[in-house]
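Student: Here it is, the structure, as structure tokens.
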Amino acid sequence: MIVYRCEDTLESVFTAIYQAYEEKRNHDDTLLSLTDDALLFAEDIPVTADEEKTRKVMRTLVRRFGQEDSSRLIKALAAEDEGKAQAVYRTVVQGLRGKCRPGHLFDNLADDDVHRAFALARGVSTEVGHQVEFLRFQELEGGVLFSRIGPKNDVVAFLMPHFADRLSIENFVIYDEKRNLFGIHPAGKPWYLLHGEESDRAAEVCYTEEELRYQELFRLFFHTIAIEERRNRKLQTGMLPLRFREYMVEFN
């Protein structure tokens, strides 16, 4: 058994996939692991992320499986799941073995690894959709729009293109407090991601006085338009899960 020890990044997992093919491994006896859990009689190979190998794997995935299924694989790797690397690797192996046509990589959902990768990608897509709806920007002193989120999955990279397109002339930041990850968009320029240090956590931010007034007005509006007799907390919780509310102005 060969075990490639990866970091929890797309670059590291794609580099491991590249190495497994380059070194002509028996894919049925090869494991991609994100943990340090020891396996008896297994050969551990540490993986160092390589940008060129990552690009080559991405080009191959798009060429062989199409843009949509390649995007699903990338989203699966953004999920918070220890088995995602192996699920994606096995899905790629089966797709290349079967010479599947673009758009058909996930047809065989009876296979455990394919099903797992598909389910992880679907979960990430669902959370991206929720965040697009529920994310709230607030104006800081200096005019920067700031949003704090705490998603289950690593979705900032999928949120930034959406808001960069709609807020192209604004300086804004989306901060994932669980991963200490900042998505930064300078006005009129390309966005980028920045991992902060522990001391850089955005624990306190300074809002403008006008922003604070609008927050209070929005909360007042939100609570006064409610019709008590028509409250349906079960339905509301289904449409707006509780975990999002601590990041929404109207619930603070």
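Each chain in the structure tokens gets a letter, A, B and so on, in the order shown; residues start at 1 in every chain, and ligands are counted from 1 in the order they appear.
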Please provide as an MDAnalysis selection string all residues within 9 Å of Arg122 in chain A, with the sequence filter that same-chain residues fewer than 3 positions apart are discarded (counting only C-alpha atoms).
Tutor: chainID A and resid 72 75:76 117:119 125:127
Student: Given the choices A:Ile227, A:Val3, A:Leu194, A:Leu212, which gets closest to Pro46 in chain A if the distance is worked out from only C-alpha atoms?
Tutor: A:Val3
Student: With distances taken over only C-alpha atoms, which residue among A:Leu61, A:Met239, A:Val205, A:Leu39 lies nearest Glu139 in chain A?
Tutor: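 Of A:Leu61, A:Met239, A:Val205, A:Leu39, the one nearest Glu139 in chain A is A:Val205, counting only C-alpha atoms.
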Student: Mind pulling up the distance from CA of His115 in chain A to CA of Phe14 in chain A?
Tutor: 19.5 Å
Student: Which residues, written as a PDB file with all heavy atoms, in the first residue's frame, have at least one atom at most 8 Å from Ala85 in chain A, with only C-alpha atoms counted and residues fewer than 5 positions away on the same chain left out?
Tutor:
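The resulting part_37.pdb:
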```
ATOM      1  N   VAL A  13      -3.377  17.970  -3.221  1.00  0.00           N
ATOM      2  CA  VAL A  13      -4.080  16.766  -3.690  1.00  0.00           C
ATOM      3  C   VAL A  13      -3.837  16.544  -5.180  1.00  0.00           C
ATOM      4  O   VAL A  13      -3.557  15.421  -5.618  1.00  0.00           O
ATOM      5  CB  VAL A  13      -5.594  16.885  -3.397  1.00  0.00           C
ATOM      6  CG1 VAL A  13      -6.350  15.710  -4.021  1.00  0.00           C
ATOM      7  CG2 VAL A  13      -5.837  16.930  -1.893  1.00  0.00           C
ATOM      8  N   LEU A  32      -4.687   8.444  -0.919  1.00  0.00           N
ATOM      9  CA  LEU A  32      -4.374   9.850  -0.653  1.00  0.00           C
ATOM     10  C   LEU A  32      -4.973  10.200   0.698  1.00  0.00           C
ATOM     11  O   LEU A  32      -6.194  10.062   0.896  1.00  0.00           O
ATOM     12  CB  LEU A  32      -4.951  10.769  -1.735  1.00  0.00           C
ATOM     13  CG  LEU A  32      -4.048  11.074  -2.940  1.00  0.00           C
ATOM     14  CD1 LEU A  32      -3.682   9.796  -3.670  1.00  0.00           C
ATOM     15  CD2 LEU A  32      -4.733  12.059  -3.876  1.00  0.00           C
ATOM     16  N   SER A  33      -4.135  10.606   1.638  1.00  0.00           N
ATOM     17  CA  SER A  33      -4.598  10.863   3.002  1.00  0.00           C
ATOM     18  C   SER A  33      -4.291  12.296   3.426  1.00  0.00           C
ATOM     19  O   SER A  33      -3.220  12.832   3.129  1.00  0.00           O
ATOM     20  CB  SER A  33      -3.922   9.885   3.970  1.00  0.00           C
ATOM     21  OG  SER A  33      -4.288  10.169   5.307  1.00  0.00           O
ATOM     22  N   LEU A  34      -5.241  12.884   4.143  1.00  0.00           N
ATOM     23  CA  LEU A  34      -5.051  14.230   4.698  1.00  0.00           C
ATOM     24  C   LEU A  34      -4.668  14.188   6.170  1.00  0.00           C
ATOM     25  O   LEU A  34      -4.504  15.226   6.798  1.00  0.00           O
ATOM     26  CB  LEU A  34      -6.340  15.052   4.534  1.00  0.00           C
ATOM     27  CG  LEU A  34      -6.848  15.238   3.102  1.00  0.00           C
ATOM     28  CD1 LEU A  34      -8.147  16.042   3.115  1.00  0.00           C
ATOM     29  CD2 LEU A  34      -5.810  15.937   2.240  1.00  0.00           C
ATOM     30  N   LEU A  77     -13.171  19.070  -3.136  1.00  0.00           N
ATOM     31  CA  LEU A  77     -11.958  19.277  -2.337  1.00  0.00           C
ATOM     32  C   LEU A  77     -12.067  20.472  -1.405  1.00  0.00           C
ATOM     33  O   LEU A  77     -11.198  20.677  -0.559  1.00  0.00           O
ATOM     34  CB  LEU A  77     -10.744  19.440  -3.261  1.00  0.00           C
ATOM     35  CG  LEU A  77     -10.320  18.179  -4.010  1.00  0.00           C
ATOM     36  CD1 LEU A  77      -9.168  18.480  -4.958  1.00  0.00           C
ATOM     37  CD2 LEU A  77      -9.927  17.076  -3.029  1.00  0.00           C
TER      38      LEU A  77
END
```
Student: What lies within 9 Å of range 65-70 of chain A using only C-alpha atoms, ignoring chain neighbours under 2 positions off, as a ChimeraX atom specification?
Tutor: /A:58,60-63,72-75,95-96,100-106
Student: Considering only C-alpha atoms, return as an mmCIF file with all heavy atoms, in the first residue's frame whatever protein or nucleic-acid residues lie within 10 Å of Glu170 in chain A, sequence-local ones (same chain, fewer than 5 positions apart) excluded.
Tutor:
```
data_model
loop_
_atom_site.group_PDB
_atom_site.id
_atom_site.type_symbol
_atom_site.label_atom_id
_atom_site.label_comp_id
_atom_site.auth_asym_id
_atom_site.auth_seq_id
_atom_site.Cartn_x
_atom_site.Cartn_y
_atom_site.Cartn_z
ATOM 1 N N GLY A 143 -14.350 53.312 4.156
ATOM 2 C CA GLY A 143 -15.179 52.962 3.018
ATOM 3 C C GLY A 143 -15.090 51.524 2.550
ATOM 4 O O GLY A 143 -15.707 51.165 1.544
ATOM 5 N N VAL A 144 -14.347 50.683 3.249
ATOM 6 C CA VAL A 144 -14.229 49.274 2.856
ATOM 7 C C VAL A 144 -15.478 48.522 3.305
ATOM 8 O O VAL A 144 -15.943 48.671 4.439
ATOM 9 C CB VAL A 144 -12.977 48.633 3.482
ATOM 10 C CG1 VAL A 144 -12.919 47.139 3.157
ATOM 11 C CG2 VAL A 144 -11.719 49.323 2.981
ATOM 12 N N LEU A 145 -16.025 47.680 2.410
ATOM 13 C CA LEU A 145 -17.147 46.825 2.758
ATOM 14 C C LEU A 145 -16.597 45.522 3.333
ATOM 15 O O LEU A 145 -15.749 44.867 2.719
ATOM 16 C CB LEU A 145 -18.008 46.535 1.527
ATOM 17 C CG LEU A 145 -18.603 47.760 0.829
ATOM 18 C CD1 LEU A 145 -19.422 47.324 -0.382
ATOM 19 C CD2 LEU A 145 -19.456 48.577 1.798
ATOM 20 N N PHE A 163 -19.227 38.224 -6.095
ATOM 21 C CA PHE A 163 -19.307 39.584 -5.574
ATOM 22 C C PHE A 163 -18.355 40.535 -6.300
ATOM 23 O O PHE A 163 -18.629 41.730 -6.403
ATOM 24 C CB PHE A 163 -19.040 39.583 -4.068
ATOM 25 C CG PHE A 163 -20.162 38.967 -3.275
ATOM 26 C CD1 PHE A 163 -20.039 37.699 -2.739
ATOM 27 C CD2 PHE A 163 -21.353 39.645 -3.098
ATOM 28 C CE1 PHE A 163 -21.077 37.119 -2.030
ATOM 29 C CE2 PHE A 163 -22.410 39.074 -2.392
ATOM 30 C CZ PHE A 163 -22.266 37.806 -1.857
ATOM 31 N N ALA A 164 -17.239 40.018 -6.820
ATOM 32 C CA ALA A 164 -16.339 40.869 -7.605
ATOM 33 C C ALA A 164 -17.026 41.356 -8.871
ATOM 34 O O ALA A 164 -16.780 42.474 -9.341
ATOM 35 C CB ALA A 164 -15.064 40.108 -7.948
ATOM 36 N N HIS A 185 -10.803 42.216 -2.309
ATOM 37 C CA HIS A 185 -11.073 42.761 -3.636
ATOM 38 C C HIS A 185 -10.799 44.261 -3.647
ATOM 39 O O HIS A 185 -11.610 45.050 -3.147
ATOM 40 C CB HIS A 185 -12.528 42.514 -4.049
ATOM 41 C CG HIS A 185 -12.868 43.130 -5.376
ATOM 42 N ND1 HIS A 185 -13.396 44.405 -5.500
ATOM 43 C CD2 HIS A 185 -12.743 42.657 -6.645
ATOM 44 C CE1 HIS A 185 -13.594 44.687 -6.773
ATOM 45 N NE2 HIS A 185 -13.211 43.638 -7.496
ATOM 46 N N PRO A 186 -9.667 44.697 -4.205
ATOM 47 C CA PRO A 186 -9.434 46.141 -4.381
ATOM 48 C C PRO A 186 -10.306 46.644 -5.538
ATOM 49 O O PRO A 186 -10.472 45.950 -6.538
ATOM 50 C CB PRO A 186 -7.941 46.212 -4.741
ATOM 51 C CG PRO A 186 -7.386 44.841 -4.477
ATOM 52 C CD PRO A 186 -8.523 43.887 -4.626
ATOM 53 N N ALA A 187 -10.858 47.827 -5.399
ATOM 54 C CA ALA A 187 -11.772 48.365 -6.411
ATOM 55 C C ALA A 187 -11.124 48.374 -7.793
ATOM 56 O O ALA A 187 -10.016 48.888 -7.971
ATOM 57 C CB ALA A 187 -12.195 49.781 -6.023
ATOM 58 N N GLY A 188 -11.816 47.772 -8.759
ATOM 59 C CA GLY A 188 -11.353 47.774 -10.139
ATOM 60 C C GLY A 188 -10.174 46.879 -10.432
ATOM 61 O O GLY A 188 -9.614 46.918 -11.532
ATOM 62 N N LYS A 189 -9.786 46.035 -9.468
ATOM 63 C CA LYS A 189 -8.630 45.160 -9.647
ATOM 64 C C LYS A 189 -9.016 43.711 -9.353
ATOM 65 O O LYS A 189 -10.070 43.437 -8.784
ATOM 66 C CB LYS A 189 -7.488 45.592 -8.720
ATOM 67 C CG LYS A 189 -6.975 47.001 -9.000
ATOM 68 C CD LYS A 189 -5.858 47.356 -8.033
ATOM 69 C CE LYS A 189 -5.337 48.765 -8.288
ATOM 70 N NZ LYS A 189 -4.264 49.145 -7.336
#
```
Student: Which residue out of A:Gln86, A:Leu109, A:Arg59, A:Phe172 has the minimum interatomic distance to Arg136 in chain A when only C-alpha atoms are used?
Tutor: A:Phe172
Student: For Asp29 in chain A, list every protein, DNA or RNA residue within 10 Å, evaluated using only C-alpha atoms, and leave out those in the same chain fewer than 5 positions away; present the list as a PyMOL selection string.
Tutor: chain A and resi 1-3+42
Student: Could you write out the selected residues, including N, CA and C atoms, as a tab-separated table (two decimals), in the first residue's frame?
Tutor:
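Once everything was written out, this is out_29.tsv:
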```tsv
chain	number	residue	atom	x	y	z
A	1	MET	N	0.84	-1.20	0.00
A	1	MET	CA	0.00	0.00	0.00
A	1	MET	C	0.88	1.26	0.00
A	2	ILE	N	0.59	2.16	-0.91
A	2	ILE	CA	1.29	3.44	-1.00
A	2	ILE	C	0.35	4.53	-0.47
A	3	VAL	N	0.85	5.34	0.45
A	3	VAL	CA	0.03	6.41	1.02
A	3	VAL	C	0.70	7.75	0.74
A	42	ALA	N	2.44	0.04	5.16
A	42	ALA	CA	2.23	1.02	4.08
A	42	ALA	C	3.46	1.90	3.94
```
Student: Pick from A:Ala79, A:Ser71, A:Asp176, A:Phe251: nearest to Gly123 in chain A, with only C-alpha atoms counted?
Tutor: A:Ala79
Student: In range 68-235 of chain A, what's alpha helix (DSSP H) per DSSP? Answer as a PyMOL selection string?
Tutor: chain A and resi 68-76+84-97+112-134+156-166+209-224+233-235
Student: I need the residue nearest Ser168 in chain A from this list: A:Arg55, A:Trp191, A:Val114, A:Val156. Use only C-alpha atoms for the distance.
Tutor: A:Trp191
Student: Could you give me, as an MDAnalysis selection string, the residues within 10 Å of range 181-184 of chain A, counting only C-alpha atoms and dropping anything in the same chain fewer than 5 positions from it?
Tutor: chainID A and resid 146:148 154 156:157 159:160 164 171:176 190:197 201:202
Student: When you count only C-alpha atoms, which of these residues is closest to Thr48 in chain A: A:His27, A:Arg233, A:Arg5, A:Arg213?
Tutor: A:Arg5
